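Participant: Input query04.txt, format and content: compact mmCIF, N, CA and C atoms.
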# COMPACT_ATOMS: atom_id res chain seq x y z
N ALA A 1 36.83 -10.82 -208.22
CA ALA A 1 37.02 -11.79 -209.27
C ALA A 1 36.03 -11.49 -210.39
N VAL A 2 36.52 -11.55 -211.61
CA VAL A 2 35.70 -11.27 -212.78
C VAL A 2 35.03 -12.57 -213.22
N PRO A 3 33.70 -12.54 -213.43
CA PRO A 3 33.03 -13.77 -213.89
C PRO A 3 33.52 -14.18 -215.27
N THR A 4 33.60 -15.46 -215.47
CA THR A 4 34.04 -15.97 -216.76
C THR A 4 32.94 -15.78 -217.79
N PRO A 5 33.31 -15.76 -219.07
CA PRO A 5 32.27 -15.62 -220.11
C PRO A 5 31.24 -16.74 -220.08
N LEU A 6 31.66 -17.93 -219.67
CA LEU A 6 30.72 -19.05 -219.60
C LEU A 6 29.65 -18.79 -218.56
N VAL A 7 30.06 -18.25 -217.38
CA VAL A 7 29.10 -17.94 -216.32
C VAL A 7 28.16 -16.82 -216.78
N LEU A 8 28.72 -15.81 -217.44
CA LEU A 8 27.89 -14.72 -217.94
C LEU A 8 26.89 -15.21 -218.98
N HIS A 9 27.36 -16.10 -219.85
CA HIS A 9 26.49 -16.64 -220.89
C HIS A 9 25.37 -17.48 -220.28
N ALA A 10 25.71 -18.27 -219.25
CA ALA A 10 24.70 -19.08 -218.58
C ALA A 10 23.68 -18.19 -217.87
N ALA A 11 24.15 -17.13 -217.24
CA ALA A 11 23.22 -16.22 -216.57
C ALA A 11 22.32 -15.52 -217.58
N ALA A 12 22.87 -15.16 -218.73
CA ALA A 12 22.06 -14.51 -219.76
C ALA A 12 21.00 -15.44 -220.30
N ALA A 13 21.27 -16.73 -220.34
CA ALA A 13 20.29 -17.70 -220.84
C ALA A 13 19.08 -17.76 -219.91
N PHE A 14 19.28 -17.51 -218.61
CA PHE A 14 18.17 -17.56 -217.68
C PHE A 14 17.31 -16.29 -217.74
N VAL A 15 17.90 -15.16 -218.07
CA VAL A 15 17.14 -13.92 -218.09
C VAL A 15 16.67 -13.54 -219.49
N ALA A 16 17.08 -14.29 -220.49
CA ALA A 16 16.67 -14.00 -221.86
C ALA A 16 15.17 -14.24 -222.00
N PRO A 17 14.50 -13.44 -222.82
CA PRO A 17 13.06 -13.66 -223.00
C PRO A 17 12.79 -15.00 -223.66
N LYS A 18 11.71 -15.63 -223.26
CA LYS A 18 11.36 -16.93 -223.82
C LYS A 18 10.82 -16.74 -225.23
N PRO A 19 11.12 -17.68 -226.11
CA PRO A 19 10.57 -17.57 -227.47
C PRO A 19 9.05 -17.73 -227.43
N SER A 20 8.38 -17.13 -228.38
CA SER A 20 6.93 -17.16 -228.40
C SER A 20 6.39 -18.57 -228.63
N ARG A 21 7.15 -19.41 -229.31
CA ARG A 21 6.73 -20.79 -229.56
C ARG A 21 7.97 -21.65 -229.64
N PRO A 22 7.83 -22.95 -229.46
CA PRO A 22 9.01 -23.82 -229.56
C PRO A 22 9.61 -23.77 -230.96
N ALA A 23 10.89 -24.05 -231.00
CA ALA A 23 11.58 -24.04 -232.30
C ALA A 23 11.02 -25.15 -233.18
N PRO A 24 10.64 -24.82 -234.39
CA PRO A 24 10.08 -25.86 -235.27
C PRO A 24 11.17 -26.74 -235.85
N LEU A 25 10.77 -27.90 -236.28
CA LEU A 25 11.69 -28.75 -237.03
C LEU A 25 11.86 -28.16 -238.42
N LEU A 26 13.06 -28.16 -238.90
CA LEU A 26 13.31 -27.65 -240.22
C LEU A 26 12.88 -28.66 -241.27
N ALA A 27 12.93 -28.27 -242.51
CA ALA A 27 12.48 -29.15 -243.58
C ALA A 27 13.29 -30.44 -243.63
N SER A 28 14.55 -30.39 -243.20
CA SER A 28 15.40 -31.57 -243.23
C SER A 28 15.28 -32.40 -241.95
N ASN A 29 14.29 -32.08 -241.11
CA ASN A 29 14.06 -32.77 -239.83
C ASN A 29 15.19 -32.54 -238.83
N ASP A 30 15.96 -31.49 -238.98
CA ASP A 30 16.99 -31.14 -238.00
C ASP A 30 16.34 -30.33 -236.89
N PHE A 31 16.76 -30.56 -235.67
CA PHE A 31 16.24 -29.82 -234.53
C PHE A 31 17.04 -28.54 -234.36
N GLU A 32 16.36 -27.44 -234.19
CA GLU A 32 17.01 -26.16 -233.94
C GLU A 32 16.87 -25.88 -232.44
N ASN A 33 17.98 -25.91 -231.70
CA ASN A 33 17.95 -25.72 -230.26
C ASN A 33 17.61 -24.28 -229.94
N PRO A 34 16.53 -24.02 -229.17
CA PRO A 34 16.15 -22.64 -228.88
C PRO A 34 17.04 -21.97 -227.84
N ASN A 35 17.83 -22.73 -227.11
CA ASN A 35 18.70 -22.17 -226.09
C ASN A 35 20.10 -22.02 -226.67
N PRO A 36 20.56 -20.79 -226.89
CA PRO A 36 21.87 -20.60 -227.52
C PRO A 36 23.02 -21.15 -226.69
N PHE A 37 22.91 -21.11 -225.37
CA PHE A 37 23.97 -21.64 -224.52
C PHE A 37 24.10 -23.14 -224.70
N MET A 38 22.97 -23.86 -224.65
CA MET A 38 23.03 -25.31 -224.81
C MET A 38 23.45 -25.70 -226.23
N LYS A 39 23.06 -24.90 -227.21
CA LYS A 39 23.48 -25.16 -228.59
C LYS A 39 25.00 -25.11 -228.69
N GLU A 40 25.60 -24.08 -228.06
CA GLU A 40 27.06 -23.97 -228.08
C GLU A 40 27.71 -25.13 -227.34
N VAL A 41 27.13 -25.53 -226.21
CA VAL A 41 27.70 -26.64 -225.44
C VAL A 41 27.65 -27.93 -226.24
N ILE A 42 26.51 -28.22 -226.84
CA ILE A 42 26.36 -29.45 -227.60
C ILE A 42 27.25 -29.43 -228.83
N ASP A 43 27.33 -28.28 -229.50
CA ASP A 43 28.19 -28.18 -230.69
C ASP A 43 29.67 -28.30 -230.35
N ALA A 44 30.04 -27.98 -229.09
CA ALA A 44 31.44 -28.04 -228.69
C ALA A 44 31.90 -29.45 -228.36
N VAL A 45 30.96 -30.37 -228.14
CA VAL A 45 31.32 -31.75 -227.81
C VAL A 45 31.81 -32.43 -229.09
N PRO A 46 33.07 -32.86 -229.11
CA PRO A 46 33.60 -33.40 -230.37
C PRO A 46 33.02 -34.75 -230.76
N THR A 47 32.42 -35.48 -229.83
CA THR A 47 31.92 -36.81 -230.16
C THR A 47 30.55 -36.76 -230.83
N LEU A 48 29.85 -35.65 -230.72
CA LEU A 48 28.53 -35.54 -231.32
C LEU A 48 28.68 -35.00 -232.74
N GLN A 49 28.80 -35.89 -233.68
CA GLN A 49 28.99 -35.50 -235.06
C GLN A 49 27.89 -36.12 -235.90
N GLU A 50 27.36 -35.31 -236.80
CA GLU A 50 26.27 -35.78 -237.64
C GLU A 50 26.76 -36.90 -238.55
N GLY A 51 25.95 -37.93 -238.66
CA GLY A 51 26.29 -39.05 -239.52
C GLY A 51 27.19 -40.08 -238.88
N LYS A 52 27.44 -39.97 -237.57
CA LYS A 52 28.29 -40.94 -236.87
C LYS A 52 27.50 -41.53 -235.72
N THR A 53 27.90 -42.71 -235.29
CA THR A 53 27.24 -43.34 -234.15
C THR A 53 28.08 -43.12 -232.91
N MET A 54 27.41 -43.01 -231.76
CA MET A 54 28.12 -42.80 -230.50
C MET A 54 28.52 -44.15 -229.92
N GLN A 55 29.65 -44.15 -229.23
CA GLN A 55 30.10 -45.35 -228.53
C GLN A 55 30.39 -44.98 -227.10
N LEU A 56 29.52 -45.40 -226.21
CA LEU A 56 29.65 -45.12 -224.78
C LEU A 56 29.77 -43.64 -224.50
N VAL A 57 29.18 -42.82 -225.30
CA VAL A 57 29.14 -41.38 -225.17
C VAL A 57 30.53 -40.76 -225.26
N LEU A 58 31.54 -41.54 -225.53
CA LEU A 58 32.90 -41.01 -225.55
C LEU A 58 33.47 -40.85 -226.95
N GLY A 59 33.05 -41.63 -227.88
CA GLY A 59 33.64 -41.55 -229.20
C GLY A 59 32.62 -41.83 -230.27
N SER A 60 32.95 -41.46 -231.48
CA SER A 60 32.06 -41.67 -232.60
C SER A 60 32.76 -42.52 -233.64
N GLU A 61 31.97 -43.24 -234.39
CA GLU A 61 32.53 -44.00 -235.49
C GLU A 61 31.61 -43.87 -236.69
N GLU A 62 32.17 -44.07 -237.84
CA GLU A 62 31.40 -44.00 -239.08
C GLU A 62 30.58 -45.28 -239.21
N PRO A 63 29.24 -45.16 -239.28
CA PRO A 63 28.43 -46.37 -239.39
C PRO A 63 28.42 -46.92 -240.81
N THR A 64 28.20 -48.21 -240.91
CA THR A 64 28.01 -48.81 -242.23
C THR A 64 26.51 -48.97 -242.41
N PRO A 65 25.93 -48.19 -243.33
CA PRO A 65 24.47 -48.21 -243.44
C PRO A 65 23.97 -49.52 -244.02
N PRO A 66 22.90 -50.07 -243.42
CA PRO A 66 22.29 -51.28 -243.98
C PRO A 66 21.48 -50.93 -245.22
N SER A 67 20.97 -51.95 -245.88
CA SER A 67 20.15 -51.72 -247.07
C SER A 67 18.86 -51.01 -246.68
N ASP A 68 18.17 -50.45 -247.67
CA ASP A 68 16.94 -49.71 -247.39
C ASP A 68 15.88 -50.59 -246.73
N ALA A 69 15.75 -51.82 -247.21
CA ALA A 69 14.78 -52.73 -246.61
C ALA A 69 15.13 -53.03 -245.16
N GLU A 70 16.43 -53.24 -244.90
CA GLU A 70 16.88 -53.52 -243.53
C GLU A 70 16.67 -52.29 -242.65
N GLN A 71 16.90 -51.09 -243.18
CA GLN A 71 16.68 -49.87 -242.41
C GLN A 71 15.22 -49.73 -242.00
N GLN A 72 14.31 -50.01 -242.93
CA GLN A 72 12.89 -49.93 -242.62
C GLN A 72 12.51 -50.93 -241.53
N LYS A 73 13.09 -52.13 -241.62
CA LYS A 73 12.80 -53.16 -240.63
C LYS A 73 13.35 -52.75 -239.25
N LEU A 74 14.57 -52.20 -239.22
CA LEU A 74 15.16 -51.77 -237.96
C LEU A 74 14.38 -50.61 -237.34
N ARG A 75 13.95 -49.65 -238.18
CA ARG A 75 13.17 -48.52 -237.67
C ARG A 75 11.85 -48.98 -237.09
N ALA A 76 11.19 -49.91 -237.77
CA ALA A 76 9.91 -50.42 -237.27
C ALA A 76 10.10 -51.14 -235.94
N ALA A 77 11.16 -51.94 -235.84
CA ALA A 77 11.43 -52.66 -234.58
C ALA A 77 11.76 -51.69 -233.47
N ALA A 78 12.55 -50.66 -233.77
CA ALA A 78 12.91 -49.66 -232.74
C ALA A 78 11.68 -48.90 -232.28
N ALA A 79 10.79 -48.57 -233.21
CA ALA A 79 9.57 -47.85 -232.83
C ALA A 79 8.66 -48.74 -231.99
N ASP A 80 8.57 -50.01 -232.33
CA ASP A 80 7.73 -50.93 -231.56
C ASP A 80 8.27 -51.14 -230.15
N GLU A 81 9.59 -51.21 -230.03
CA GLU A 81 10.22 -51.49 -228.74
C GLU A 81 10.57 -50.21 -227.98
N LEU A 82 10.30 -49.05 -228.58
CA LEU A 82 10.60 -47.75 -227.96
C LEU A 82 12.06 -47.67 -227.51
N ARG A 83 12.97 -47.90 -228.42
CA ARG A 83 14.40 -47.79 -228.11
C ARG A 83 15.07 -46.97 -229.21
N ASN A 84 16.23 -46.41 -228.86
CA ASN A 84 16.92 -45.60 -229.85
C ASN A 84 18.42 -45.87 -229.94
N ILE A 85 18.89 -46.96 -229.34
CA ILE A 85 20.29 -47.34 -229.54
C ILE A 85 20.33 -48.78 -230.04
N ASP A 86 21.35 -49.08 -230.81
CA ASP A 86 21.42 -50.41 -231.43
C ASP A 86 21.99 -51.44 -230.48
N GLY A 87 22.01 -52.68 -230.92
CA GLY A 87 22.46 -53.79 -230.08
C GLY A 87 23.91 -53.69 -229.67
N ALA A 88 24.76 -53.21 -230.58
CA ALA A 88 26.19 -53.09 -230.24
C ALA A 88 26.41 -52.07 -229.13
N GLU A 89 25.71 -50.94 -229.20
CA GLU A 89 25.85 -49.94 -228.14
C GLU A 89 25.24 -50.44 -226.84
N ARG A 90 24.18 -51.21 -226.92
CA ARG A 90 23.58 -51.78 -225.72
C ARG A 90 24.55 -52.73 -225.03
N SER A 91 25.25 -53.55 -225.80
CA SER A 91 26.21 -54.49 -225.19
C SER A 91 27.40 -53.74 -224.60
N ARG A 92 27.85 -52.65 -225.26
CA ARG A 92 28.94 -51.84 -224.69
C ARG A 92 28.52 -51.21 -223.38
N ARG A 93 27.29 -50.67 -223.33
CA ARG A 93 26.82 -50.05 -222.09
C ARG A 93 26.65 -51.07 -220.98
N LEU A 94 26.19 -52.27 -221.33
CA LEU A 94 26.05 -53.32 -220.33
C LEU A 94 27.41 -53.70 -219.76
N ALA A 95 28.42 -53.86 -220.63
CA ALA A 95 29.77 -54.21 -220.16
C ALA A 95 30.34 -53.09 -219.29
N ALA A 96 30.17 -51.84 -219.72
CA ALA A 96 30.69 -50.71 -218.93
C ALA A 96 29.97 -50.62 -217.60
N GLY A 97 28.67 -50.85 -217.58
CA GLY A 97 27.92 -50.82 -216.32
C GLY A 97 28.38 -51.89 -215.36
N ARG A 98 28.66 -53.08 -215.90
CA ARG A 98 29.14 -54.17 -215.04
C ARG A 98 30.53 -53.88 -214.48
N VAL A 99 31.42 -53.35 -215.31
CA VAL A 99 32.77 -53.01 -214.84
C VAL A 99 32.69 -51.93 -213.76
N LEU A 100 31.87 -50.91 -214.01
CA LEU A 100 31.73 -49.83 -213.02
C LEU A 100 31.10 -50.35 -211.73
N ALA A 101 30.18 -51.29 -211.83
CA ALA A 101 29.56 -51.88 -210.63
C ALA A 101 30.59 -52.64 -209.81
N VAL A 102 31.47 -53.39 -210.49
CA VAL A 102 32.52 -54.13 -209.77
C VAL A 102 33.48 -53.16 -209.10
N LEU A 103 33.86 -52.09 -209.80
CA LEU A 103 34.75 -51.08 -209.20
C LEU A 103 34.08 -50.42 -207.99
N THR A 104 32.79 -50.14 -208.10
CA THR A 104 32.06 -49.54 -206.97
C THR A 104 32.00 -50.51 -205.80
N LEU A 105 31.82 -51.79 -206.09
CA LEU A 105 31.79 -52.80 -205.04
C LEU A 105 33.15 -52.89 -204.35
N LEU A 106 34.24 -52.85 -205.12
CA LEU A 106 35.58 -52.87 -204.53
C LEU A 106 35.82 -51.63 -203.67
N GLN A 107 35.36 -50.47 -204.17
CA GLN A 107 35.50 -49.25 -203.38
C GLN A 107 34.69 -49.36 -202.08
N SER A 108 33.52 -49.94 -202.16
CA SER A 108 32.69 -50.12 -200.98
C SER A 108 33.38 -51.02 -199.96
N ALA A 109 33.98 -52.11 -200.44
CA ALA A 109 34.70 -53.02 -199.54
C ALA A 109 35.86 -52.30 -198.86
N PHE A 110 36.58 -51.48 -199.64
CA PHE A 110 37.70 -50.74 -199.07
C PHE A 110 37.22 -49.76 -198.00
N LEU A 111 36.13 -49.03 -198.30
CA LEU A 111 35.63 -48.05 -197.34
C LEU A 111 35.13 -48.72 -196.06
N CYS A 112 34.51 -49.89 -196.21
CA CYS A 112 34.04 -50.62 -195.02
C CYS A 112 35.23 -51.16 -194.21
N ALA A 113 36.22 -51.70 -194.91
CA ALA A 113 37.39 -52.26 -194.23
C ALA A 113 38.21 -51.18 -193.53
N SER A 114 38.21 -49.98 -194.08
CA SER A 114 38.99 -48.90 -193.46
C SER A 114 38.16 -48.11 -192.46
N HIS A 115 36.93 -48.56 -192.19
CA HIS A 115 36.04 -47.90 -191.23
C HIS A 115 35.87 -46.42 -191.55
N ALA A 116 35.61 -46.16 -192.81
CA ALA A 116 35.44 -44.77 -193.25
C ALA A 116 34.18 -44.18 -192.64
N ALA A 117 34.20 -42.88 -192.45
CA ALA A 117 33.04 -42.17 -191.90
C ALA A 117 31.95 -42.09 -192.96
N PHE A 118 30.83 -41.49 -192.59
CA PHE A 118 29.68 -41.43 -193.48
C PHE A 118 29.96 -40.60 -194.73
N VAL A 119 30.56 -39.43 -194.57
CA VAL A 119 30.77 -38.53 -195.71
C VAL A 119 31.67 -39.16 -196.77
N PRO A 120 32.80 -39.78 -196.42
CA PRO A 120 33.58 -40.44 -197.48
C PRO A 120 32.84 -41.57 -198.17
N ARG A 121 31.91 -42.20 -197.46
CA ARG A 121 31.14 -43.28 -198.08
C ARG A 121 30.18 -42.75 -199.15
N LEU A 122 29.88 -41.47 -199.10
CA LEU A 122 29.04 -40.87 -200.14
C LEU A 122 29.74 -40.89 -201.50
N SER A 123 31.06 -41.08 -201.50
CA SER A 123 31.78 -41.15 -202.78
C SER A 123 31.39 -42.38 -203.58
N LEU A 124 30.65 -43.30 -202.98
CA LEU A 124 30.15 -44.47 -203.71
C LEU A 124 29.00 -44.11 -204.64
N LEU A 125 28.29 -43.05 -204.35
CA LEU A 125 27.07 -42.74 -205.08
C LEU A 125 27.28 -42.47 -206.58
N PRO A 126 28.27 -41.67 -206.99
CA PRO A 126 28.42 -41.47 -208.44
C PRO A 126 28.67 -42.77 -209.21
N GLY A 127 29.54 -43.62 -208.70
CA GLY A 127 29.80 -44.89 -209.37
C GLY A 127 28.57 -45.78 -209.37
N LEU A 128 27.84 -45.79 -208.27
CA LEU A 128 26.63 -46.59 -208.18
C LEU A 128 25.59 -46.11 -209.18
N PHE A 129 25.35 -44.80 -209.20
CA PHE A 129 24.33 -44.26 -210.10
C PHE A 129 24.72 -44.43 -211.56
N LEU A 130 25.99 -44.21 -211.88
CA LEU A 130 26.43 -44.38 -213.27
C LEU A 130 26.32 -45.84 -213.71
N SER A 131 26.73 -46.76 -212.84
CA SER A 131 26.65 -48.17 -213.23
C SER A 131 25.20 -48.61 -213.40
N LEU A 132 24.32 -48.17 -212.49
CA LEU A 132 22.90 -48.52 -212.63
C LEU A 132 22.30 -47.86 -213.88
N GLY A 133 22.71 -46.63 -214.18
CA GLY A 133 22.21 -45.95 -215.36
C GLY A 133 22.65 -46.64 -216.64
N LEU A 134 23.91 -47.04 -216.72
CA LEU A 134 24.40 -47.75 -217.90
C LEU A 134 23.71 -49.11 -218.04
N TYR A 135 23.53 -49.81 -216.93
CA TYR A 135 22.87 -51.11 -216.96
C TYR A 135 21.42 -50.96 -217.42
N ASP A 136 20.71 -49.99 -216.86
CA ASP A 136 19.32 -49.79 -217.25
C ASP A 136 19.21 -49.33 -218.70
N SER A 137 20.14 -48.50 -219.14
CA SER A 137 20.14 -48.05 -220.54
C SER A 137 20.33 -49.22 -221.47
N ALA A 138 21.20 -50.14 -221.10
CA ALA A 138 21.42 -51.32 -221.93
C ALA A 138 20.18 -52.20 -221.98
N LYS A 139 19.49 -52.30 -220.87
CA LYS A 139 18.30 -53.16 -220.81
C LYS A 139 17.12 -52.54 -221.58
N THR A 140 16.95 -51.22 -221.47
CA THR A 140 15.77 -50.59 -222.09
C THR A 140 16.04 -50.13 -223.52
N GLY A 141 17.31 -49.93 -223.88
CA GLY A 141 17.62 -49.44 -225.22
C GLY A 141 17.48 -47.95 -225.36
N LEU A 142 17.47 -47.23 -224.27
CA LEU A 142 17.36 -45.77 -224.32
C LEU A 142 18.61 -45.11 -223.82
Translate the structure of the given file into structure tokens.

Facilitator:
Amino acid sequence: AVPTPLVLHAAAAFVAPKPSRPAPLLASNDFENPNPFMKEVIDAVPTLQEGKTMQLVLGSEEPTPPSDAEQQKLRAAAADELRNIDGAERSRRLAAGRVLAVLTLLQSAFLCASHAAFVPRLSLLPGLFLSLGLYDSAKTGL
């Protein structure tokens, strides 16, 4: 079997020489990713678009920018609270975490009722971890 270009590219990223120093921030404060493989992966994700806000990591929307005074106030509050997502995204993540938690609970009830073995019960872990991650993200703002 011939390795796919993605596998070859990933392998090349591990054996490539390390840069002498971390990639600096450009004058426009844009981050230059030093790993070409990850740069391609991130650039290939259609939801990550400059100037748009993310919604549950699945879609982007055009934000309506607040006034300059409001922006300064929001930035100061975000820096004080160490958070980087807004209230609307926090409420979406909280709702998604709760829905996923209920689905995981239903799956758990089904697995217990059907007397599933240990290995099939491990299928609960992704839903559990994702729901807890979304819930914690909503609570912390990160």

Participant: Have a look at A:Leu111, A:Ala138, A:Ala76, A:Leu125 and name the one nearest to A:Ser91; count only N, CA and C atoms.

Facilitator: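 Between A:Leu111, A:Ala138, A:Ala76, A:Leu125, the residue approaching A:Ser91 most closely is A:Ala138.
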
Participant: Counting only C-alpha atoms, which residues come within 8 Å of (28.2, -48.9, -200.3), with the point read in the file's coordinates, and could you list them as a list in words?

Facilitator: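 It turns out the residues near that spot are Thr104, Leu105, Gln107, Ser108, Ala109, Arg121, Leu124 and Leu125 of chain A.
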
Participant: Using atom CA of A:Phe14 and atom CA of A:Pro36 as the two end points, give the distance in Å to one decimal.

Facilitator: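 Taking atom CA of A:Phe14 as the start and atom CA of A:Pro36 as the end point, the length is 10.9 Å.
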
Participant: So which one's closest to A:Ala101, A:Ala69, A:Ala88, A:Leu8, A:Leu132? Using only C-alpha atoms, please.

Facilitator: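 Once distances to A:Ala101 are computed over only C-alpha atoms, the minimum belongs to A:Leu132.
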
Participant: Using only C-alpha atoms, pick whichever of A:Phe118, A:Asn84, A:Leu128, A:Arg92 has the shortest atom-to-atom distance to A:Leu106.

Facilitator: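 Closest to A:Leu106, using only C-alpha atoms: A:Leu128.
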
Participant: In Å, with one decimal, what is the gap from atom CA of A:Glu89 to atom CA of A:Gly133?

Facilitator: 13.9 Å

Participant: Using only N, CA and C atoms, which residue out of A:Gly141, A:Asn33, A:Pro5, A:Ala10 lies closest to A:Ile85?

Facilitator: A:Gly141

Participant: Would you work out the distance separating atom CA of A:Met38 from atom C of A:Leu142, expressed in Å to one decimal?

Facilitator: 20.3 Å
